[in-house]
Each structure stands twice: as C-alpha cells, then as structure tokens.
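Visitor: Contents of model15.pdb (PDB, C-alpha atoms, pLDDT in the B column) are below:
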ATOM      1  CA  MET A   1      43.854 -24.300 -15.009  1.00 53.00           C
ATOM      2  CA  THR A   2      40.073 -24.485 -14.972  1.00 57.00           C
ATOM      3  CA  ALA A   3      38.362 -21.116 -15.196  1.00 57.00           C
ATOM      4  CA  LYS A   4      35.822 -20.379 -12.508  1.00 59.00           C
ATOM      5  CA  ALA A   5      32.264 -20.093 -13.703  1.00 58.00           C
ATOM      6  CA  ASN A   6      30.730 -16.674 -13.248  1.00 62.00           C
ATOM      7  CA  PRO A   7      27.938 -16.678 -10.669  1.00 65.00           C
ATOM      8  CA  SER A   8      24.486 -16.378 -12.190  1.00 67.00           C
ATOM      9  CA  THR A   9      22.880 -12.950 -12.094  1.00 78.00           C
ATOM     10  CA  LEU A  10      19.435 -14.502 -12.369  1.00 81.00           C
ATOM     11  CA  ARG A  11      17.258 -14.655  -9.278  1.00 77.00           C
ATOM     12  CA  PHE A  12      13.831 -16.259  -8.813  1.00 74.00           C
ATOM     13  CA  SER A  13      11.363 -14.921  -6.267  1.00 66.00           C
ATOM     14  CA  GLY A  14       7.643 -14.987  -5.644  1.00 60.00           C
ATOM     15  CA  GLY A  15       5.253 -12.212  -6.535  1.00 60.00           C
ATOM     16  CA  VAL A  16       1.573 -11.302  -6.485  1.00 58.00           C
ATOM     17  CA  PHE A  17      -0.032  -9.911  -9.616  1.00 65.00           C
ATOM     18  CA  THR A  18      -3.535  -8.950 -10.657  1.00 64.00           C
ATOM     19  CA  LEU A  19      -4.749 -11.021 -13.611  1.00 72.00           C
ATOM     20  CA  SER A  20      -8.011 -10.548 -15.455  1.00 78.00           C
ATOM     21  CA  LEU A  21     -10.135 -13.703 -15.726  1.00 79.00           C
ATOM     22  CA  LEU A  22     -12.077 -14.432 -18.901  1.00 84.00           C
ATOM     23  CA  HIS A  23     -14.802 -16.986 -18.157  1.00 82.00           C
ATOM     24  CA  LEU A  24     -15.665 -19.134 -21.170  1.00 85.00           C
ATOM     25  CA  PRO A  25     -19.232 -20.488 -21.414  1.00 78.00           C
ATOM     26  CA  ASP A  26     -19.951 -24.074 -22.376  1.00 71.00           C
ATOM     27  CA  GLN A  27     -22.051 -23.210 -25.395  1.00 68.00           C
ATOM     28  CA  GLU A  28     -20.709 -22.200 -28.790  1.00 62.00           C
ATOM     29  CA  MET A  29     -20.398 -18.427 -29.152  1.00 65.00           C
ATOM     30  CA  GLY A  30     -18.922 -17.820 -32.577  1.00 74.00           C
ATOM     31  CA  SER A  31     -15.332 -16.744 -33.108  1.00 87.00           C
ATOM     32  CA  PRO A  32     -13.257 -15.440 -30.196  1.00 91.00           C
ATOM     33  CA  ARG A  33     -12.865 -12.104 -31.938  1.00 90.00           C
ATOM     34  CA  GLN A  34     -16.628 -11.666 -32.329  1.00 88.00           C
ATOM     35  CA  ALA A  35     -17.193 -12.633 -28.698  1.00 87.00           C
ATOM     36  CA  LEU A  36     -14.610 -10.099 -27.519  1.00 87.00           C
ATOM     37  CA  ALA A  37     -15.935  -7.338 -29.769  1.00 86.00           C
ATOM     38  CA  ALA A  38     -19.368  -7.826 -28.190  1.00 81.00           C
ATOM     39  CA  GLN A  39     -17.893  -6.716 -24.845  1.00 74.00           C
ATOM     40  CA  GLY A  40     -17.817  -3.135 -26.104  1.00 70.00           C
ATOM     41  CA  THR A  41     -16.073  -0.567 -23.922  1.00 63.00           C
ATOM     42  CA  ALA A  42     -15.246  -3.085 -21.181  1.00 64.00           C
ATOM     43  CA  LEU A  43     -12.145  -4.218 -23.065  1.00 70.00           C
ATOM     44  CA  GLN A  44     -10.910  -0.639 -23.436  1.00 69.00           C
ATOM     45  CA  LEU A  45     -10.381  -0.554 -19.671  1.00 64.00           C
ATOM     46  CA  LEU A  46      -8.310  -3.745 -19.837  1.00 73.00           C
ATOM     47  CA  ARG A  47      -5.733  -2.581 -22.373  1.00 77.00           C
ATOM     48  CA  GLY A  48      -2.365  -4.085 -21.616  1.00 82.00           C
ATOM     49  CA  ALA A  49      -3.899  -6.566 -19.159  1.00 82.00           C
ATOM     50  CA  ALA A  50      -2.708 -10.134 -18.647  1.00 87.00           C
ATOM     51  CA  VAL A  51      -5.670 -12.477 -19.153  1.00 88.00           C
ATOM     52  CA  VAL A  52      -6.336 -16.004 -17.887  1.00 90.00           C
ATOM     53  CA  LEU A  53      -8.998 -18.190 -19.501  1.00 92.00           C
ATOM     54  CA  ASP A  54     -11.239 -19.730 -16.826  1.00 89.00           C
ATOM     55  CA  LEU A  55     -12.646 -23.023 -18.130  1.00 90.00           C
ATOM     56  CA  ALA A  56     -14.770 -23.955 -15.124  1.00 84.00           C
ATOM     57  CA  GLY A  57     -17.998 -23.608 -17.116  1.00 82.00           C
ATOM     58  CA  THR A  58     -16.904 -25.598 -20.159  1.00 87.00           C
ATOM     59  CA  ASP A  59     -17.254 -29.249 -21.163  1.00 89.00           C
ATOM     60  CA  PRO A  60     -14.029 -30.922 -19.899  1.00 90.00           C
ATOM     61  CA  ALA A  61     -13.723 -32.738 -23.224  1.00 91.00           C
ATOM     62  CA  ARG A  62     -13.938 -29.544 -25.290  1.00 90.00           C
ATOM     63  CA  VAL A  63     -10.623 -27.840 -26.012  1.00 92.00           C
ATOM     64  CA  PRO A  64     -10.867 -24.101 -26.669  1.00 92.00           C
ATOM     65  CA  ALA A  65      -9.154 -22.612 -29.699  1.00 92.00           C
ATOM     66  CA  TYR A  66      -6.225 -21.290 -27.685  1.00 95.00           C
ATOM     67  CA  ALA A  67      -4.349 -19.891 -30.664  1.00 94.00           C
ATOM     68  CA  GLU A  68      -7.419 -17.932 -31.782  1.00 94.00           C
ATOM     69  CA  TRP A  69      -8.011 -16.614 -28.274  1.00 94.00           C
ATOM     70  CA  ARG A  70      -4.381 -15.530 -28.003  1.00 95.00           C
ATOM     71  CA  GLN A  71      -4.493 -13.712 -31.354  1.00 94.00           C
ATOM     72  CA  SER A  72      -7.912 -12.156 -30.770  1.00 93.00           C
ATOM     73  CA  LEU A  73      -6.985 -10.883 -27.307  1.00 93.00           C
ATOM     74  CA  ARG A  74      -3.791  -9.435 -28.734  1.00 93.00           C
ATOM     75  CA  GLU A  75      -5.880  -7.459 -31.249  1.00 92.00           C
ATOM     76  CA  PHE A  76      -7.611  -5.861 -28.263  1.00 90.00           C
ATOM     77  CA  ASP A  77      -4.252  -5.110 -26.562  1.00 90.00           C
ATOM     78  CA  CYS A  78      -4.638  -7.929 -24.013  1.00 90.00           C
ATOM     79  CA  PHE A  79      -2.243 -10.822 -23.419  1.00 92.00           C
ATOM     80  CA  LEU A  80      -3.254 -14.441 -22.839  1.00 94.00           C
ATOM     81  CA  VAL A  81      -0.920 -15.828 -20.135  1.00 93.00           C
ATOM     82  CA  GLY A  82      -2.568 -19.058 -18.999  1.00 93.00           C
ATOM     83  CA  ILE A  83      -5.677 -21.061 -18.105  1.00 93.00           C
ATOM     84  CA  ARG A  84      -7.322 -22.283 -14.919  1.00 90.00           C
ATOM     85  CA  ASN A  85     -10.011 -24.766 -13.874  1.00 90.00           C
ATOM     86  CA  ALA A  86      -9.014 -26.973 -16.820  1.00 92.00           C
ATOM     87  CA  SER A  87      -9.433 -30.716 -17.331  1.00 93.00           C
ATOM     88  CA  ASP A  88      -6.377 -32.845 -18.093  1.00 93.00           C
ATOM     89  CA  THR A  89      -7.323 -32.776 -21.780  1.00 94.00           C
ATOM     90  CA  GLN A  90      -7.670 -28.990 -21.824  1.00 94.00           C
ATOM     91  CA  ALA A  91      -4.469 -28.515 -19.830  1.00 94.00           C
ATOM     92  CA  ALA A  92      -2.441 -30.782 -22.136  1.00 94.00           C
ATOM     93  CA  ALA A  93      -3.630 -28.873 -25.201  1.00 95.00           C
ATOM     94  CA  ALA A  94      -2.810 -25.575 -23.508  1.00 94.00           C
ATOM     95  CA  ALA A  95       0.688 -26.766 -22.607  1.00 94.00           C
ATOM     96  CA  ALA A  96       1.286 -27.570 -26.259  1.00 94.00           C
ATOM     97  CA  GLN A  97       0.484 -23.909 -26.967  1.00 93.00           C
ATOM     98  CA  GLY A  98       2.850 -22.694 -24.261  1.00 94.00           C
ATOM     99  CA  LEU A  99       0.063 -21.786 -21.823  1.00 94.00           C
ATOM    100  CA  PRO A 100       0.463 -22.879 -18.185  1.00 94.00           C
ATOM    101  CA  HIS A 101      -2.358 -24.300 -16.072  1.00 93.00           C
ATOM    102  CA  LEU A 102      -2.576 -21.886 -13.132  1.00 87.00           C
ATOM    103  CA  ARG A 103      -3.723 -23.626  -9.976  1.00 77.00           C
ATOM    104  CA  GLY A 104      -4.051 -22.122  -6.525  1.00 60.00           C
ATOM    105  CA  ASN A 105      -7.549 -20.609  -6.694  1.00 50.00           C
ATOM    106  CA  GLU A 106      -9.504 -23.346  -8.436  1.00 54.00           C
ATOM    107  CA  THR A 107     -13.279 -22.979  -8.436  1.00 48.00           C
ATOM    108  CA  LYS A 108     -14.863 -24.977  -5.634  1.00 43.00           C
ATOM    109  CA  GLU A 109     -17.918 -24.946  -3.437  1.00 37.00           C
ATOM    110  CA  ALA A 110     -18.187 -21.493  -1.925  1.00 38.00           C
ATOM    111  CA  PRO A 111     -17.638 -21.234   1.836  1.00 38.00           C
ATOM    112  CA  PRO A 112     -20.393 -19.808   4.053  1.00 38.00           C
ATOM    113  CA  PRO A 113     -20.686 -16.026   3.602  1.00 41.00           C
ATOM    114  CA  LYS A 114     -18.548 -13.970   5.939  1.00 42.00           C
ATOM    115  CA  THR A 115     -19.908 -11.060   7.885  1.00 41.00           C
ATOM    116  CA  PRO A 116     -18.164  -7.977   6.455  1.00 44.00           C
ATOM    117  CA  GLN A 117     -15.619  -6.640   8.922  1.00 44.00           C
ATOM    118  CA  PRO A 118     -15.750  -2.984   9.928  1.00 42.00           C
ATOM    119  CA  ALA A 119     -13.257  -0.524   8.559  1.00 40.00           C
ATOM    120  CA  GLY A 120      -9.985  -0.645  10.417  1.00 39.00           C
ATOM    121  CA  ALA A 121     -10.136  -4.422  10.865  1.00 48.00           C
ATOM    122  CA  SER A 122      -6.920  -6.263  11.596  1.00 44.00           C
ATOM    123  CA  SER A 123      -4.604  -7.118   8.694  1.00 62.00           C
ATOM    124  CA  GLY A 124      -5.845  -4.029   6.886  1.00 82.00           C
ATOM    125  CA  THR A 125      -4.098  -1.244   4.995  1.00 89.00           C
ATOM    126  CA  VAL A 126      -5.218   2.355   5.547  1.00 93.00           C
ATOM    127  CA  ILE A 127      -4.658   5.097   2.944  1.00 93.00           C
ATOM    128  CA  THR A 128      -5.227   8.558   4.444  1.00 93.00           C
ATOM    129  CA  GLN A 129      -4.657  10.709   1.349  1.00 92.00           C
ATOM    130  CA  PRO A 130      -6.877  10.963  -1.757  1.00 93.00           C
ATOM    131  CA  LEU A 131      -5.552   8.900  -4.654  1.00 93.00           C
ATOM    132  CA  ARG A 132      -4.736  10.756  -7.866  1.00 92.00           C
ATOM    133  CA  SER A 133      -4.879   9.435 -11.424  1.00 89.00           C
ATOM    134  CA  GLY A 134      -2.133   6.886 -12.014  1.00 84.00           C
ATOM    135  CA  GLN A 135      -1.747   5.941  -8.343  1.00 88.00           C
ATOM    136  CA  ARG A 136      -2.281   2.327  -7.307  1.00 86.00           C
ATOM    137  CA  HIS A 137      -2.499   0.774  -3.836  1.00 89.00           C
ATOM    138  CA  TYR A 138      -2.809  -2.897  -2.879  1.00 87.00           C
ATOM    139  CA  GLY A 139      -4.092  -4.195   0.461  1.00 89.00           C
ATOM    140  CA  ARG A 140      -2.080  -7.389   0.649  1.00 84.00           C
ATOM    141  CA  GLY A 141      -3.462 -10.102   2.918  1.00 87.00           C
ATOM    142  CA  GLY A 142      -6.497  -8.161   4.142  1.00 91.00           C
ATOM    143  CA  ASP A 143      -8.765  -5.166   3.692  1.00 95.00           C
ATOM    144  CA  LEU A 144      -7.923  -1.805   2.163  1.00 95.00           C
ATOM    145  CA  VAL A 145      -9.376   1.354   3.717  1.00 95.00           C
ATOM    146  CA  CYS A 146      -9.303   4.667   1.837  1.00 96.00           C
ATOM    147  CA  VAL A 147     -10.173   7.662   3.992  1.00 94.00           C
ATOM    148  CA  GLY A 148     -10.428  10.022   1.008  1.00 93.00           C
ATOM    149  CA  ALA A 149     -11.451   9.809  -2.637  1.00 95.00           C
ATOM    150  CA  VAL A 150     -10.213   7.368  -5.259  1.00 95.00           C
ATOM    151  CA  ASN A 151     -10.117   9.655  -8.275  1.00 94.00           C
ATOM    152  CA  ALA A 152     -10.523   8.747 -11.936  1.00 92.00           C
ATOM    153  CA  GLY A 153      -7.503   6.861 -13.236  1.00 89.00           C
ATOM    154  CA  ALA A 154      -6.499   5.600  -9.768  1.00 90.00           C
ATOM    155  CA  GLU A 155      -6.760   1.941  -8.758  1.00 90.00           C
ATOM    156  CA  VAL A 156      -7.199   0.164  -5.424  1.00 92.00           C
ATOM    157  CA  LEU A 157      -6.891  -3.588  -4.892  1.00 90.00           C
ATOM    158  CA  ALA A 158      -7.233  -5.818  -1.861  1.00 91.00           C
ATOM    159  CA  ASP A 159      -7.164  -9.484  -0.970  1.00 90.00           C
ATOM    160  CA  GLY A 160     -10.168  -8.742   1.271  1.00 94.00           C
ATOM    161  CA  HIS A 161     -12.777  -5.975   1.379  1.00 96.00           C
ATOM    162  CA  ILE A 162     -12.339  -2.422   0.116  1.00 97.00           C
ATOM    163  CA  HIS A 163     -13.774   0.464   2.174  1.00 97.00           C
ATOM    164  CA  ILE A 164     -13.812   3.956   0.632  1.00 97.00           C
ATOM    165  CA  TYR A 165     -15.005   6.866   2.766  1.00 95.00           C
ATOM    166  CA  GLY A 166     -15.280   9.206  -0.188  1.00 93.00           C
ATOM    167  CA  PRO A 167     -16.103   9.097  -3.899  1.00 95.00           C
ATOM    168  CA  LEU A 168     -14.979   6.041  -5.830  1.00 96.00           C
ATOM    169  CA  ARG A 169     -14.221   7.369  -9.318  1.00 94.00           C
ATOM    170  CA  GLY A 170     -11.395   5.054 -10.371  1.00 92.00           C
ATOM    171  CA  ARG A 171     -11.100   1.273 -10.247  1.00 91.00           C
ATOM    172  CA  ALA A 172     -11.660  -0.978  -7.229  1.00 94.00           C
ATOM    173  CA  LEU A 173     -10.791  -4.703  -7.262  1.00 91.00           C
ATOM    174  CA  ALA A 174     -11.562  -6.690  -4.092  1.00 93.00           C
ATOM    175  CA  GLY A 175     -10.796 -10.345  -3.377  1.00 91.00           C
ATOM    176  CA  VAL A 176      -8.001 -10.359  -5.939  1.00 86.00           C
ATOM    177  CA  GLN A 177      -6.661 -13.687  -4.647  1.00 82.00           C
ATOM    178  CA  GLY A 178     -10.018 -15.352  -5.318  1.00 85.00           C
ATOM    179  CA  ASP A 179     -12.035 -14.493  -2.182  1.00 91.00           C
ATOM    180  CA  GLU A 180     -15.585 -14.471  -3.527  1.00 92.00           C
ATOM    181  CA  THR A 181     -16.960 -13.200  -0.195  1.00 95.00           C
ATOM    182  CA  ALA A 182     -15.054  -9.911  -0.454  1.00 95.00           C
ATOM    183  CA  ARG A 183     -17.060  -6.705  -0.875  1.00 96.00           C
ATOM    184  CA  ILE A 184     -16.575  -3.099  -1.932  1.00 97.00           C
ATOM    185  CA  PHE A 185     -18.068  -0.330   0.215  1.00 97.00           C
ATOM    186  CA  CYS A 186     -18.060   3.327  -0.825  1.00 96.00           C
ATOM    187  CA  GLN A 187     -19.744   6.586   0.112  1.00 95.00           C
ATOM    188  CA  ARG A 188     -20.278   7.652  -3.505  1.00 95.00           C
ATOM    189  CA  LEU A 189     -20.248   5.200  -6.404  1.00 96.00           C
ATOM    190  CA  GLU A 190     -18.857   6.788  -9.571  1.00 95.00           C
ATOM    191  CA  ALA A 191     -16.411   4.025 -10.519  1.00 93.00           C
ATOM    192  CA  GLU A 192     -14.827   3.289 -13.875  1.00 90.00           C
ATOM    193  CA  LEU A 193     -14.581  -0.407 -13.028  1.00 89.00           C
ATOM    194  CA  ILE A 194     -15.357  -2.652 -10.066  1.00 92.00           C
ATOM    195  CA  ALA A 195     -14.335  -6.284  -9.611  1.00 90.00           C
ATOM    196  CA  ILE A 196     -14.527  -9.057  -7.043  1.00 92.00           C
ATOM    197  CA  ALA A 197     -12.521 -12.276  -7.386  1.00 88.00           C
ATOM    198  CA  GLY A 198     -11.867 -11.522 -11.062  1.00 81.00           C
ATOM    199  CA  VAL A 199     -15.492 -10.841 -12.027  1.00 86.00           C
ATOM    200  CA  TYR A 200     -15.626  -7.252 -13.225  1.00 83.00           C
ATOM    201  CA  MET A 201     -18.157  -4.639 -14.302  1.00 86.00           C
ATOM    202  CA  THR A 202     -17.670  -1.276 -15.991  1.00 85.00           C
ATOM    203  CA  LEU A 203     -19.937   1.579 -14.911  1.00 86.00           C
ATOM    204  CA  ASP A 204     -21.194   4.931 -16.148  1.00 83.00           C
ATOM    205  CA  ASP A 205     -23.630   7.575 -14.963  1.00 81.00           C
ATOM    206  CA  THR A 206     -26.624   5.508 -16.093  1.00 81.00           C
ATOM    207  CA  GLN A 207     -25.812   2.880 -13.470  1.00 82.00           C
ATOM    208  CA  LEU A 208     -28.320   2.262 -10.689  1.00 85.00           C
ATOM    209  CA  LEU A 209     -27.158   3.939  -7.456  1.00 92.00           C
ATOM    210  CA  TRP A 210     -24.665   6.106  -9.361  1.00 93.00           C
ATOM    211  CA  GLY A 211     -23.403   8.857  -7.071  1.00 94.00           C
ATOM    212  CA  GLN A 212     -24.866   7.176  -3.986  1.00 95.00           C
ATOM    213  CA  ALA A 213     -23.495   5.214  -1.032  1.00 95.00           C
ATOM    214  CA  ALA A 214     -23.324   1.593  -2.154  1.00 95.00           C
ATOM    215  CA  GLN A 215     -21.825  -1.824  -1.568  1.00 96.00           C
ATOM    216  CA  VAL A 216     -20.838  -4.418  -4.149  1.00 96.00           C
ATOM    217  CA  SER A 217     -20.916  -8.182  -3.629  1.00 95.00           C
ATOM    218  CA  LEU A 218     -20.469 -11.278  -5.803  1.00 93.00           C
ATOM    219  CA  ALA A 219     -23.056 -14.023  -6.225  1.00 90.00           C
ATOM    220  CA  GLY A 220     -22.166 -16.747  -8.688  1.00 82.00           C
ATOM    221  CA  GLU A 221     -20.721 -14.987 -11.710  1.00 81.00           C
ATOM    222  CA  HIS A 222     -22.549 -11.683 -11.210  1.00 88.00           C
ATOM    223  CA  LEU A 223     -21.803  -8.521  -9.258  1.00 92.00           C
ATOM    224  CA  HIS A 224     -24.645  -7.018  -7.233  1.00 93.00           C
ATOM    225  CA  ILE A 225     -24.823  -3.354  -6.242  1.00 94.00           C
ATOM    226  CA  ILE A 226     -27.138  -2.400  -3.362  1.00 94.00           C
ATOM    227  CA  PRO A 227     -27.457   0.615  -1.040  1.00 94.00           C
ATOM    228  CA  LEU A 228     -24.789   0.765   1.650  1.00 90.00           C
ATOM    229  CA  ASP A 229     -27.338   0.634   4.472  1.00 84.00           C
ATOM    230  CA  LYS A 230     -28.983  -2.617   3.319  1.00 74.00           C
TER     231      LYS A 230
END
What's the structure tokens form of this structure?

Guide:
Amino acid sequence: MTAKANPSTLRFSGGVFTLSLLHLPDQEMGSPRQALAAQGTALQLLRGAAVVLDLAGTDPARVPAYAEWRQSLREFDCFLVGIRNASDTQAAAAAAQGLPHLRGNETKEAPPPKTPQPAGASSGTVITQPLRSGQRHYGRGGDLVCVGAVNAGAEVLADGHIHIYGPLRGRALAGVQGDETARIFCQRLEAELIAIAGVYMTLDDTQLLWGQAAQVSLAGEHLHIIPLDK
C-alpha cells in the first residue's frame, strides 16, 4: 500500500518591504569598507537594514566587488539582499554570488511632477494618535496623514506623500515603492531620518529649517528641504 504524502506546510505569498538603496557611483571610490565608513552616523540609523545596490550610475561593463560589499555591509550591521538597475553582465555576476536582480522599479525618465494632493486625499491612511517610539505605520497605495506627532524612534512610511500635522521627530519615508514625486510635509521638522524613493538623509539640530514647518522633495539623487509655504 502506497503511503500518502503529507501535504506541504510551506506557503508562498506576496509582501511589501522597505529596502534601503545604496547608489554606487561610476568612479572608483576605494574599498567598500572605506566608502561606508565615510558615511558616518548615517549607517547607525540603518542597523539591521536590508540593502540593495543600485547600479544605475555605473559603467554597465564594470562589475562591483559584490563579495566585498556584502562583507563590508555586514560589518556595519546591514545585509546585502540584491541589486537593481544592472546590466546583463552585472546581473550574471551577482547571480553567481547569490544576489537576485530586483526589477519592478527600474530607473527611467521621470514623469512630469505631480501637484501634491491635500491631506485627506483618496487612497490615504489617517493616523489620529501620536506615534510613540517603536511604532511604525505604512500608508500602502497612497498618502499617509498623521494628525499628531511622530516621536523619536517612531517610523512612518507611505507609497505616496506623508503629511504630519505636528512635530516630526522620528523617521519618515515617502514614495517607498519608487515614486520620486512623493513629498514629506510637516509642521515642525526635527526628524532623525527622511527619505523619498530610497534616497535618504539624516538630520540634526544644525539642519536648515530645523524646528520649522517644512516640505521635502527629491530632485535627481538629492533631497531638498524648503519652507512649507513655498
């Protein structure tokens, strides 16, 4: 009598995760470890983060030292999980190292800028209570609106814009699915970290507009902070 096979307990499903992008320049920059050490305190805020190497700015024929990047990132408590915007040559070399080529938000010509939608726009998520340290909220598929404060150690993420009608003291990551037109709006900028479409910036009290109403936008590979009423 043939024994029946036990049904598999494994189950595959989709998921959305926030990955940190590390953009590699085309020019030589010394060893990966030296390049990472030059980032200073920025890497301290990314401890435990999953990192993707973005190769859009590199020579398609140049293959990065994936093994060195993996080891160096691990020394800074980060984990290399894949690459994106890679040529066939770069992707083949990455596959040999066990690194997948992540597609889905490849760099391309930016669409015309969108007019920021007002708070409460459709497909938005509204958080009415202040966020405490350790709390994390994600506005999937649209904007995220926080009526109160986002305190130090808290994190808010959105596929679209982020609107905060109180102090922003924690982390805010807008456009996490690659929307480079997303913006961050807050009544008082005191953030630990801000990011749009994977481009991030750490802040402290020496930052221009610190403690003031501000908005953050992305142009190219740089974040721009301007007064909220501009």

Visitor: What's around Gly170 in chain A at 12 Å? Count all atoms listed in the file, leave out sequence neighbours fewer than 6 positions away in its own chain, and write the answer as number ranges by chain.

Guide: A: 45, 130-137, 149-157, 164, 186, 188-195, 202-204

Visitor: With the PyMOL selection byres ((chain A and resi 58) around 7) as the selection, what would be picked from this file? Answer as a PyMOL selection string, please.

Guide: chain A and resi 24-26+55-57+59-60

Visitor: Quick check, in Å to one decimal: how far apart do CA of Leu22 in chain A and CA of Gly178 in chain A lie?

Guide: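 So the two atoms, CA of Leu22 in chain A and CA of Gly178 in chain A, lie 13.8 Å apart.
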
Visitor: Taking 6 positions as the minimum chain separation for residues in the same chain, which residues sit within 7 Å of Glu180 in chain A when counting all atoms listed in the file? Answer as a PyMOL selection string.

Guide: chain A and resi 196-197+218

Visitor: Give me the result of the PyMOL selection byres ((chain A and resi 101) around 9) on this file, residue by residue, as a PyMOL selection string.

Guide: chain A and resi 82-86+91-92+94-95+99-100+102-103

Visitor: For the file shown, report as a count of residues only the outcome of the PyMOL selection byres ((chain A and resi 142-144) around 7) at residue level.

Guide: 15

Visitor: So, counting all atoms listed in the file, which residue among A:Met201, A:Val147, A:Val63, A:Leu10 is closest to Leu46 in chain A?

Guide: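 The shortest atom-to-atom distance to Leu46 in chain A comes from A:Met201.
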
Visitor: Work out how far apart CA of Leu223 in chain A and CA of Leu43 in chain A are and give it in Å to one decimal.

Guide: 17.4 Å

Visitor: What does the distance from CA of Pro64 in chain A to CA of Pro32 in chain A come to in Å, to one decimal?

Guide: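 CA of Pro32 in chain A lies at a distance of 9.7 Å from CA of Pro64 in chain A.
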
Visitor: Just the residues within 6 Å of range 68-81 of chain A, please, counting all atoms listed in the file, with nothing from its chain fewer than 6 positions along; format it as a tab-separated table (two decimals) with C-alpha atoms, keeping the file's coordinate frame.

Guide:
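Contents of out_4.tsv, as written:
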chain	number	residue	atom	x	y	z
A	32	PRO	CA	-13.26	-15.44	-30.20
A	33	ARG	CA	-12.86	-12.10	-31.94
A	47	ARG	CA	-5.73	-2.58	-22.37
A	48	GLY	CA	-2.37	-4.08	-21.62
A	49	ALA	CA	-3.90	-6.57	-19.16
A	50	ALA	CA	-2.71	-10.13	-18.65
A	51	VAL	CA	-5.67	-12.48	-19.15
A	52	VAL	CA	-6.34	-16.00	-17.89

Visitor: Smallest atom-to-atom distance to Leu19 in chain A: which of A:Arg171, A:Asp179, A:Leu53, A:Gln215, using all atoms listed in the file?

Guide: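 Ranking A:Arg171, A:Asp179, A:Leu53, A:Gln215 by distance to Leu19 in chain A, first place goes to A:Leu53.
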